[in-house]
Amino acid sequence: MRARYAITLAIGILSCIVVAYAMDETRTVSVLSFSLRYAVPLILAAMVGIICERSGIINIGIEGQMLMSAFAGFFGAAITGNLILGTMLGVGTGMIMGAFLATGAVAWKMDQIIAGTIINILATGLTSFFYSQGYVLPAITPTLRIPGLADIPLIGPVLFDNGLFTYAAILTALVLWVLLFKTIWGLRTRAVGEMPGSADTSGVNVQRMRFINVTLAGGLAGLAGAYLSIEAASNFDRGMTAGRGFTALAIMIFGAWNPIGALGAALFFGLANGLASQLQADEVIDIPQQFISMLPYVLTIVLLAIVSGRVKPPAAVGKPYEKE
Amino acid sequence: MSVTDPAQTDLGFSDPDPARAGRWSRAQAIAVPVVSVLLAFAIGGVLIWLQGVNPLYAYWVLFQNALGSSEGLLRVMEKSTPLILTGLAVTVGLRTGLFNIGAQGQLLVGAIGAAWAGYNFQLPALIHIPFAIVFGMLCGAAWASIAGALRAYRSVSEVITTIMLNAVAIALVDYLASRPLKEEGQPITRTPLIAETAALPDIGIVPVGFLIALMVAIFFGWFLTRTTQGFRFNTVGMNPSAANYAGIGVRKTIFLAMAVSGALAGMGGAVETLGITGRFEPTFNAGLGFDGITIALLARANPIATIPAALLVGTLRSGAATLQFETGIEPEVVDVILALTLLFVAAPIVSRLLFRKRAQKQTSVSSGWGGA
């Protein structure tokens, strides 16, 4: 049922896009590209949420994990003069933050929401304290234009002429779907998140599985953070994640804890914001700037209100596993 | 959602075996926060030392400035006033099993609401001050009620909605202060100055707002432990299914607790506007709501204990600027110290180190995740 709604909605949006493209080529492509870039960190962060919650762990600290990684990524790249090294530093930082959450939530059986909140507050404090101005990136991030595919009208310039992070985000979502639903790792992960007792009985080490998954997911949060500072902004700002980690959780719920669903939800979210800022830039609608900047947050709340109760989270999410 | 494991909803202040557990509980309630704060200061000291400043000197500057003179004390009390109230806001939520991360947004809405009530009316002070405070509280309560209603009646986790409402509130008050409520003929985005009749005075060196905050904290200490409604809040917080079984309207209680929490945060904003800033400007009040989380957890969700916790945070905050002036240390070092304090007090690091197996279960707010 849900899938049918989603497909109908997707077809509707796509036909609107085609009509818009027929009317105004460059503007449509620019709005869509903006939307996709807007969606990149949300896609990655939503995948973090999906991996964690599918394993039974709430990750409210995605925001802080991204912020720390954006910080480490940017300053790493600026100081070493190497974008790849910076990105790897960002991913590594994300994994450390992931391991931090895993330690609190899995090993110490802390309240998971409080553990995540600590990450957020700690990340804000540390990045503000160590922040310093005057650093620049050694180069701008390269874009990869896929020959042949990029020449297709509409689809080409939007999908196949992007920065590397964009491809990485979309690939991550697709690969994660395969991993979750077609591999033994996925089966075990879902079992650990739904019925840890049964998983344990059948020989899965629940605690270890959760610990590893939450740590690895942190790496993706690191990638999202590195994208923000290295590719999107080419800079680090205090608090630059601006609530995206929380929006990603709403996207995860809207996508029913399914990577493909969340990918679609993130793109939809990006499109809504792309449209709003274009409409405002063109002065089609006369809305004060503040209301445009409210949009992603209001949209998050509205999406949650609509979808809650209609989708079911993994059964064991939020509950520390106690061996019987 | 079902809560079968009572330990999971143990908020860390329930005593199953009153005599013995009570003693240990009291010992932990004091020892854990104190050791956590000391540990955080020690690590903060290392950070300061790495910047080439003697940490003992830096801390001396920090506290000397805040506590060494009557102006310093006044500043500490002024800083602590909204912090006590946002700490209480988070506390009331925690006791009811809610994690209100949105005290910041509720405070902003309350602050601008009180500013409007303060400049828009001409009333005798005895009516004007309470009216402006209550109006700020209502604004905060209304703002929190969005999240409260969604949690109570649509099972949407308040953790995400309150955070999102913070961002919406920031944009909203910026809009209000730059358009409809703007002081005319001024380039700065801010509201007009409140009427003199709405301003909260100082009694000697003690701001009246501070006294109000103290009384509110004491009131909630009584309310949460000695009244039927307080009992309902606690029961829903500890075990919603048991509360439901006992005939307590869980949804209504959650909604009400969220509104009360928002009213407290809104009051924090109102008192700040009426007692200190005199008007609303979007750059004021930053971060006060987030300190409320640290304070509430440091106080282990005990209303009376929010007073010393808020005074500590207020002291650090008011000394931070001088610290930068005197030693060149970034004032954000205070953020790091507070975050570390939160880490040590909320993670079972210190309590296990000190009390081993007698360590109490930690505060839990995860029961509302993914639908009640």
# chains A, B, ... in the order shown; residues from 1 in each chain; ligands from 1

$ residues_around --residues "Gly45 (chain B)" --least-positions-apart "3" --cutoff "8 Å" --atoms "only C-alpha atoms" --output "list of chain:residue names"
B:Phe41, B:Ala42, B:Ile48, B:Trp49, B:Pro55, B:Leu56

$ residues_around --residues "Gly116 (chain A)" --least-positions-apart "6" --cutoff "8 Å" --atoms "only C-alpha atoms" --output "count of residues only"
5

$ residues_around --residues "region 209-224 of chain B" --least-positions-apart "6" --cutoff "7 Å" --atoms "only C-alpha atoms" --output "PDB file with C-alpha atoms, in the first residue's frame"
ATOM      1  CA  MET B  77      22.666  35.739  39.669  1.00  0.00           C
ATOM      2  CA  GLU B  78      21.466  37.361  36.459  1.00  0.00           C
ATOM      3  CA  THR B  81      18.115  33.080  36.607  1.00  0.00           C
ATOM      4  CA  ILE B  84      17.430  27.709  36.798  1.00  0.00           C
ATOM      5  CA  LEU B  85      14.190  28.003  34.855  1.00  0.00           C
ATOM      6  CA  LEU B  88      13.532  23.142  35.663  1.00  0.00           C
ATOM      7  CA  LEU B 200      11.977  43.720  37.052  1.00  0.00           C
ATOM      8  CA  GLY B 230       3.185  15.712  40.462  1.00  0.00           C
ATOM      9  CA  PHE B 231       2.625  12.072  41.308  1.00  0.00           C
ATOM     10  CA  VAL B 271      12.516  37.136  33.163  1.00  0.00           C
ATOM     11  CA  GLY B 275      15.013  41.924  34.215  1.00  0.00           C
ATOM     12  CA  PRO B 303      14.181  20.655  41.126  1.00  0.00           C
ATOM     13  CA  ILE B 304      15.975  21.965  44.219  1.00  0.00           C
TER      14      ILE B 304
END

$ interface_residues --of "chain A" --to "chain B" --cutoff "9 Å" --atoms "only C-alpha atoms" --output "ChimeraX atom specification"
/A:58,60,104,108-115,117-119,121-126,128-130,242-243,246-247,249-250,253,288-291,293-298,300-301,304-306,308-309,311-315,317-320

$ residues_around --residues "Gly193 (chain A)" --least-positions-apart "4" --cutoff "12 Å" --atoms "only C-alpha atoms" --output "NGL selection string"
:A and (50-58 or 180 or 186-189 or 197-200 or 204 or 206-207 or 209-210 or 213-214 or 257 or 313-321)

$ write_last_selection --atoms "N, CA and C atoms" --output "mmCIF file, in the first residue's frame"
data_model
loop_
_atom_site.group_PDB
_atom_site.id
_atom_site.type_symbol
_atom_site.label_atom_id
_atom_site.label_comp_id
_atom_site.auth_asym_id
_atom_site.auth_seq_id
_atom_site.Cartn_x
_atom_site.Cartn_y
_atom_site.Cartn_z
ATOM 1 N N ILE A 50 19.409 4.502 9.689
ATOM 2 C CA ILE A 50 18.829 3.200 9.332
ATOM 3 C C ILE A 50 19.691 2.059 9.864
ATOM 4 N N ILE A 51 21.015 2.148 9.632
ATOM 5 C CA ILE A 51 21.882 1.061 10.115
ATOM 6 C C ILE A 51 21.758 0.922 11.629
ATOM 7 N N CYS A 52 21.801 2.055 12.336
ATOM 8 C CA CYS A 52 21.752 2.010 13.803
ATOM 9 C C CYS A 52 20.416 1.453 14.284
ATOM 10 N N GLU A 53 19.324 1.992 13.780
ATOM 11 C CA GLU A 53 18.029 1.576 14.309
ATOM 12 C C GLU A 53 17.675 0.160 13.870
ATOM 13 N N ARG A 54 18.093 -0.225 12.679
ATOM 14 C CA ARG A 54 17.889 -1.618 12.269
ATOM 15 C C ARG A 54 18.639 -2.557 13.207
ATOM 16 N N SER A 55 19.725 -2.055 13.815
ATOM 17 C CA SER A 55 20.460 -2.864 14.789
ATOM 18 C C SER A 55 19.921 -2.675 16.200
ATOM 19 N N GLY A 56 18.907 -1.829 16.352
ATOM 20 C CA GLY A 56 18.295 -1.651 17.662
ATOM 21 C C GLY A 56 18.837 -0.493 18.481
ATOM 22 N N ILE A 57 19.610 0.386 17.860
ATOM 23 C CA ILE A 57 20.198 1.516 18.601
ATOM 24 C C ILE A 57 19.678 2.838 18.025
ATOM 25 N N ILE A 58 19.142 3.688 18.908
ATOM 26 C CA ILE A 58 18.743 5.030 18.484
ATOM 27 C C ILE A 58 20.003 5.877 18.353
ATOM 28 N N LEU A 180 21.196 -4.942 3.405
ATOM 29 C CA LEU A 180 20.218 -5.173 4.473
ATOM 30 C C LEU A 180 19.271 -6.325 4.143
ATOM 31 N N GLY A 186 22.836 -8.478 6.654
ATOM 32 C CA GLY A 186 21.574 -7.753 6.763
ATOM 33 C C GLY A 186 20.561 -8.510 7.597
ATOM 34 N N LEU A 187 20.480 -9.799 7.346
ATOM 35 C CA LEU A 187 19.528 -10.632 8.093
ATOM 36 C C LEU A 187 19.838 -10.574 9.591
ATOM 37 N N ARG A 188 21.128 -10.687 9.895
ATOM 38 C CA ARG A 188 21.525 -10.659 11.312
ATOM 39 C C ARG A 188 21.267 -9.293 11.926
ATOM 40 N N THR A 189 21.589 -8.253 11.146
ATOM 41 C CA THR A 189 21.367 -6.900 11.658
ATOM 42 C C THR A 189 19.899 -6.688 11.986
ATOM 43 N N GLY A 197 16.755 -11.392 21.371
ATOM 44 C CA GLY A 197 16.774 -12.657 22.115
ATOM 45 C C GLY A 197 16.900 -13.839 21.175
ATOM 46 N N SER A 198 16.079 -13.826 20.122
ATOM 47 C CA SER A 198 16.115 -14.927 19.163
ATOM 48 C C SER A 198 17.440 -14.944 18.412
ATOM 49 N N ALA A 199 17.913 -13.757 18.059
ATOM 50 C CA ALA A 199 19.186 -13.687 17.351
ATOM 51 C C ALA A 199 20.284 -14.291 18.203
ATOM 52 N N ASP A 200 20.244 -13.966 19.479
ATOM 53 C CA ASP A 200 21.241 -14.488 20.411
ATOM 54 C C ASP A 200 21.168 -16.012 20.469
ATOM 55 N N VAL A 204 23.974 -15.402 17.133
ATOM 56 C CA VAL A 204 24.504 -14.087 16.751
ATOM 57 C C VAL A 204 24.926 -13.351 18.017
ATOM 58 N N VAL A 206 24.847 -10.427 19.816
ATOM 59 C CA VAL A 206 24.047 -9.206 19.699
ATOM 60 C C VAL A 206 24.888 -7.969 19.987
ATOM 61 N N GLN A 207 25.599 -7.991 21.118
ATOM 62 C CA GLN A 207 26.341 -6.803 21.515
ATOM 63 C C GLN A 207 27.406 -6.441 20.489
ATOM 64 N N MET A 209 27.550 -7.278 17.278
ATOM 65 C CA MET A 209 26.886 -6.843 16.045
ATOM 66 C C MET A 209 26.496 -5.367 16.160
ATOM 67 N N ARG A 210 25.857 -5.021 17.269
ATOM 68 C CA ARG A 210 25.410 -3.642 17.462
ATOM 69 C C ARG A 210 26.594 -2.696 17.519
ATOM 70 N N ASN A 213 28.130 -2.285 13.986
ATOM 71 C CA ASN A 213 27.254 -1.543 13.077
ATOM 72 C C ASN A 213 27.198 -0.061 13.419
ATOM 73 N N VAL A 214 27.061 0.241 14.698
ATOM 74 C CA VAL A 214 26.967 1.654 15.102
ATOM 75 C C VAL A 214 28.275 2.378 14.784
ATOM 76 N N TRP A 257 12.438 3.116 7.386
ATOM 77 C CA TRP A 257 13.667 2.395 7.729
ATOM 78 C C TRP A 257 14.193 1.573 6.554
ATOM 79 N N PRO A 313 8.781 1.097 13.691
ATOM 80 C CA PRO A 313 10.225 1.011 13.875
ATOM 81 C C PRO A 313 10.636 -0.416 14.237
ATOM 82 N N PRO A 314 11.924 -0.742 14.079
ATOM 83 C CA PRO A 314 12.402 -2.043 14.550
ATOM 84 C C PRO A 314 11.986 -2.249 16.006
ATOM 85 N N ALA A 315 11.520 -3.469 16.322
ATOM 86 C CA ALA A 315 10.852 -3.689 17.607
ATOM 87 C C ALA A 315 11.739 -3.416 18.813
ATOM 88 N N ALA A 316 13.030 -3.708 18.687
ATOM 89 C CA ALA A 316 13.883 -3.618 19.880
ATOM 90 C C ALA A 316 14.619 -2.287 19.975
ATOM 91 N N VAL A 317 14.258 -1.309 19.121
ATOM 92 C CA VAL A 317 15.030 -0.078 19.102
ATOM 93 C C VAL A 317 14.922 0.672 20.437
ATOM 94 N N GLY A 318 16.064 1.126 20.930
ATOM 95 C CA GLY A 318 16.080 1.880 22.174
ATOM 96 C C GLY A 318 16.225 1.040 23.427
ATOM 97 N N LYS A 319 16.131 -0.260 23.284
ATOM 98 C CA LYS A 319 16.219 -1.107 24.485
ATOM 99 C C LYS A 319 17.580 -1.775 24.561
ATOM 100 N N PRO A 320 18.330 -1.490 25.606
ATOM 101 C CA PRO A 320 19.608 -2.179 25.759
ATOM 102 C C PRO A 320 19.366 -3.686 25.885
ATOM 103 N N TYR A 321 20.239 -4.474 25.296
ATOM 104 C CA TYR A 321 20.014 -5.920 25.331
ATOM 105 C C TYR A 321 20.603 -6.529 26.591
#

$ atom_distance --atom1 "CA of Ile276 (chain B)" --atom2 "CA of Pro207 (chain B)"
9.1 Å

$ residues_around --residues "Val134 (chain B)" --least-positions-apart "3" --cutoff "9 Å" --atoms "only C-alpha atoms" --output "number ranges by chain"
B: 114, 129-131, 137-139, 263, 266-267, 270

$ select_by_dssp --residues "region 11-238 of chain B" --states "strand (DSSP E)" --output "VMD selection string"
chain B and resid 202 to 203 206 to 207

$ select_by_dssp --residues "region 178-357 of chain B" --states "alpha helix (DSSP H)" --output "ChimeraX atom specification"
/B:178,208-226,228-238,240-245,250-272,288-298,306-327,333-346,349-355

$ write_last_selection --atoms "C-alpha atoms" --output "mmCIF file, in the first residue's frame"
data_model
loop_
_atom_site.group_PDB
_atom_site.id
_atom_site.type_symbol
_atom_site.label_atom_id
_atom_site.label_comp_id
_atom_site.auth_asym_id
_atom_site.auth_seq_id
_atom_site.Cartn_x
_atom_site.Cartn_y
_atom_site.Cartn_z
ATOM 1 C CA SER B 178 12.628 42.571 12.063
ATOM 2 C CA VAL B 208 13.939 40.037 41.669
ATOM 3 C CA GLY B 209 13.984 37.595 38.737
ATOM 4 C CA PHE B 210 16.509 35.484 40.618
ATOM 5 C CA LEU B 211 14.225 35.348 43.667
ATOM 6 C CA ILE B 212 11.325 34.348 41.430
ATOM 7 C CA ALA B 213 13.429 31.547 39.912
ATOM 8 C CA LEU B 214 14.375 30.303 43.396
ATOM 9 C CA MET B 215 10.735 30.254 44.468
ATOM 10 C CA VAL B 216 9.698 28.431 41.321
ATOM 11 C CA ALA B 217 12.398 25.802 41.921
ATOM 12 C CA ILE B 218 11.216 25.290 45.506
ATOM 13 C CA PHE B 219 7.618 25.174 44.318
ATOM 14 C CA PHE B 220 8.428 22.400 41.855
ATOM 15 C CA GLY B 221 10.373 20.529 44.508
ATOM 16 C CA TRP B 222 7.135 20.466 46.468
ATOM 17 C CA PHE B 223 4.869 19.990 43.457
ATOM 18 C CA LEU B 224 6.651 16.926 42.073
ATOM 19 C CA THR B 225 6.842 15.098 45.377
ATOM 20 C CA ARG B 226 3.797 16.220 47.326
ATOM 21 C CA THR B 228 -1.392 14.432 43.004
ATOM 22 C CA GLN B 229 -0.522 16.020 39.685
ATOM 23 C CA GLY B 230 3.185 15.712 40.462
ATOM 24 C CA PHE B 231 2.625 12.072 41.308
ATOM 25 C CA ARG B 232 0.949 11.601 37.930
ATOM 26 C CA PHE B 233 3.938 13.167 36.182
ATOM 27 C CA ASN B 234 6.337 10.840 38.004
ATOM 28 C CA THR B 235 4.262 7.741 37.436
ATOM 29 C CA VAL B 236 3.933 8.384 33.711
ATOM 30 C CA GLY B 237 7.673 8.972 33.631
ATOM 31 C CA MET B 238 8.560 5.809 35.469
ATOM 32 C CA PRO B 240 3.460 4.641 31.446
ATOM 33 C CA SER B 241 1.692 1.292 31.260
ATOM 34 C CA ALA B 242 1.394 1.120 35.037
ATOM 35 C CA ALA B 243 0.149 4.704 35.001
ATOM 36 C CA ASN B 244 -2.432 3.787 32.422
ATOM 37 C CA TYR B 245 -3.477 0.776 34.504
ATOM 38 C CA VAL B 250 -1.177 9.154 30.072
ATOM 39 C CA ARG B 251 -1.699 11.262 26.952
ATOM 40 C CA LYS B 252 -3.193 14.146 28.894
ATOM 41 C CA THR B 253 -0.384 13.994 31.436
ATOM 42 C CA ILE B 254 2.268 14.022 28.704
ATOM 43 C CA PHE B 255 0.613 16.974 27.005
ATOM 44 C CA LEU B 256 0.318 18.845 30.292
ATOM 45 C CA ALA B 257 3.911 18.133 31.335
ATOM 46 C CA MET B 258 5.190 19.404 28.018
ATOM 47 C CA ALA B 259 3.116 22.592 28.376
ATOM 48 C CA VAL B 260 4.423 23.131 31.924
ATOM 49 C CA SER B 261 7.959 22.524 30.702
ATOM 50 C CA GLY B 262 7.476 25.069 27.925
ATOM 51 C CA ALA B 263 5.948 27.565 30.346
ATOM 52 C CA LEU B 264 9.046 27.298 32.554
ATOM 53 C CA ALA B 265 11.391 27.862 29.637
ATOM 54 C CA GLY B 266 9.185 30.727 28.456
ATOM 55 C CA MET B 267 9.363 32.193 31.931
ATOM 56 C CA GLY B 268 13.147 32.004 31.687
ATOM 57 C CA GLY B 269 12.961 34.102 28.529
ATOM 58 C CA ALA B 270 10.444 36.509 30.040
ATOM 59 C CA VAL B 271 12.516 37.136 33.163
ATOM 60 C CA GLU B 272 15.599 37.656 31.008
ATOM 61 C CA LEU B 288 20.505 29.180 27.522
ATOM 62 C CA GLY B 289 18.161 26.318 26.674
ATOM 63 C CA PHE B 290 20.917 23.825 25.981
ATOM 64 C CA ASP B 291 22.575 24.591 29.289
ATOM 65 C CA GLY B 292 19.227 23.598 30.780
ATOM 66 C CA ILE B 293 19.860 19.999 29.681
ATOM 67 C CA THR B 294 23.254 19.941 31.374
ATOM 68 C CA ILE B 295 21.799 21.505 34.502
ATOM 69 C CA ALA B 296 18.862 19.101 34.724
ATOM 70 C CA LEU B 297 21.070 16.043 34.318
ATOM 71 C CA LEU B 298 23.659 17.451 36.705
ATOM 72 C CA THR B 306 18.875 22.752 39.754
ATOM 73 C CA ILE B 307 19.673 25.831 41.860
ATOM 74 C CA PRO B 308 23.320 24.955 42.645
ATOM 75 C CA ALA B 309 23.756 23.387 39.198
ATOM 76 C CA ALA B 310 22.495 26.565 37.515
ATOM 77 C CA LEU B 311 24.676 28.728 39.770
ATOM 78 C CA LEU B 312 27.732 26.734 38.714
ATOM 79 C CA VAL B 313 26.893 27.072 35.019
ATOM 80 C CA GLY B 314 26.024 30.744 35.507
ATOM 81 C CA THR B 315 29.360 31.362 37.210
ATOM 82 C CA LEU B 316 31.251 29.756 34.342
ATOM 83 C CA ARG B 317 29.233 31.631 31.733
ATOM 84 C CA SER B 318 29.618 35.016 33.363
ATOM 85 C CA GLY B 319 33.337 34.517 33.873
ATOM 86 C CA ALA B 320 34.030 33.309 30.332
ATOM 87 C CA ALA B 321 34.309 36.741 28.731
ATOM 88 C CA THR B 322 36.750 37.981 31.383
ATOM 89 C CA LEU B 323 38.750 34.813 30.950
ATOM 90 C CA GLN B 324 39.240 35.651 27.289
ATOM 91 C CA PHE B 325 40.080 39.252 28.123
ATOM 92 C CA GLU B 326 42.637 38.342 30.768
ATOM 93 C CA THR B 327 44.256 35.219 29.349
ATOM 94 C CA VAL B 333 36.335 26.429 26.817
ATOM 95 C CA VAL B 334 33.303 26.743 29.089
ATOM 96 C CA ASP B 335 31.240 24.839 26.516
ATOM 97 C CA VAL B 336 33.805 22.058 26.565
ATOM 98 C CA ILE B 337 33.861 21.919 30.371
ATOM 99 C CA LEU B 338 30.063 21.799 30.516
ATOM 100 C CA ALA B 339 29.872 19.121 27.813
ATOM 101 C CA LEU B 340 32.414 17.027 29.707
ATOM 102 C CA THR B 341 30.466 17.520 32.932
ATOM 103 C CA LEU B 342 27.362 16.282 31.144
ATOM 104 C CA LEU B 343 29.299 13.310 29.811
ATOM 105 C CA PHE B 344 30.605 12.289 33.210
ATOM 106 C CA VAL B 345 27.365 12.832 35.034
ATOM 107 C CA ALA B 346 25.094 11.157 32.494
ATOM 108 C CA ILE B 349 31.628 6.470 34.172
ATOM 109 C CA VAL B 350 31.915 8.242 37.481
ATOM 110 C CA SER B 351 29.122 6.405 39.260
ATOM 111 C CA ARG B 352 30.626 3.008 38.411
ATOM 112 C CA LEU B 353 34.080 4.196 39.353
ATOM 113 C CA LEU B 354 32.856 5.381 42.737
ATOM 114 C CA PHE B 355 30.114 2.950 43.584
#

$ atom_distance --atom1 "CA of Phe34 (chain A)" --atom2 "CA of Ile292 (chain A)"
15.0 Å

$ closest_residue --among "B:Ala152, B:Asn302, B:Gln106, B:Glu281" --to "Gly249 (chain B)" --atoms "only C-alpha atoms"
B:Ala152
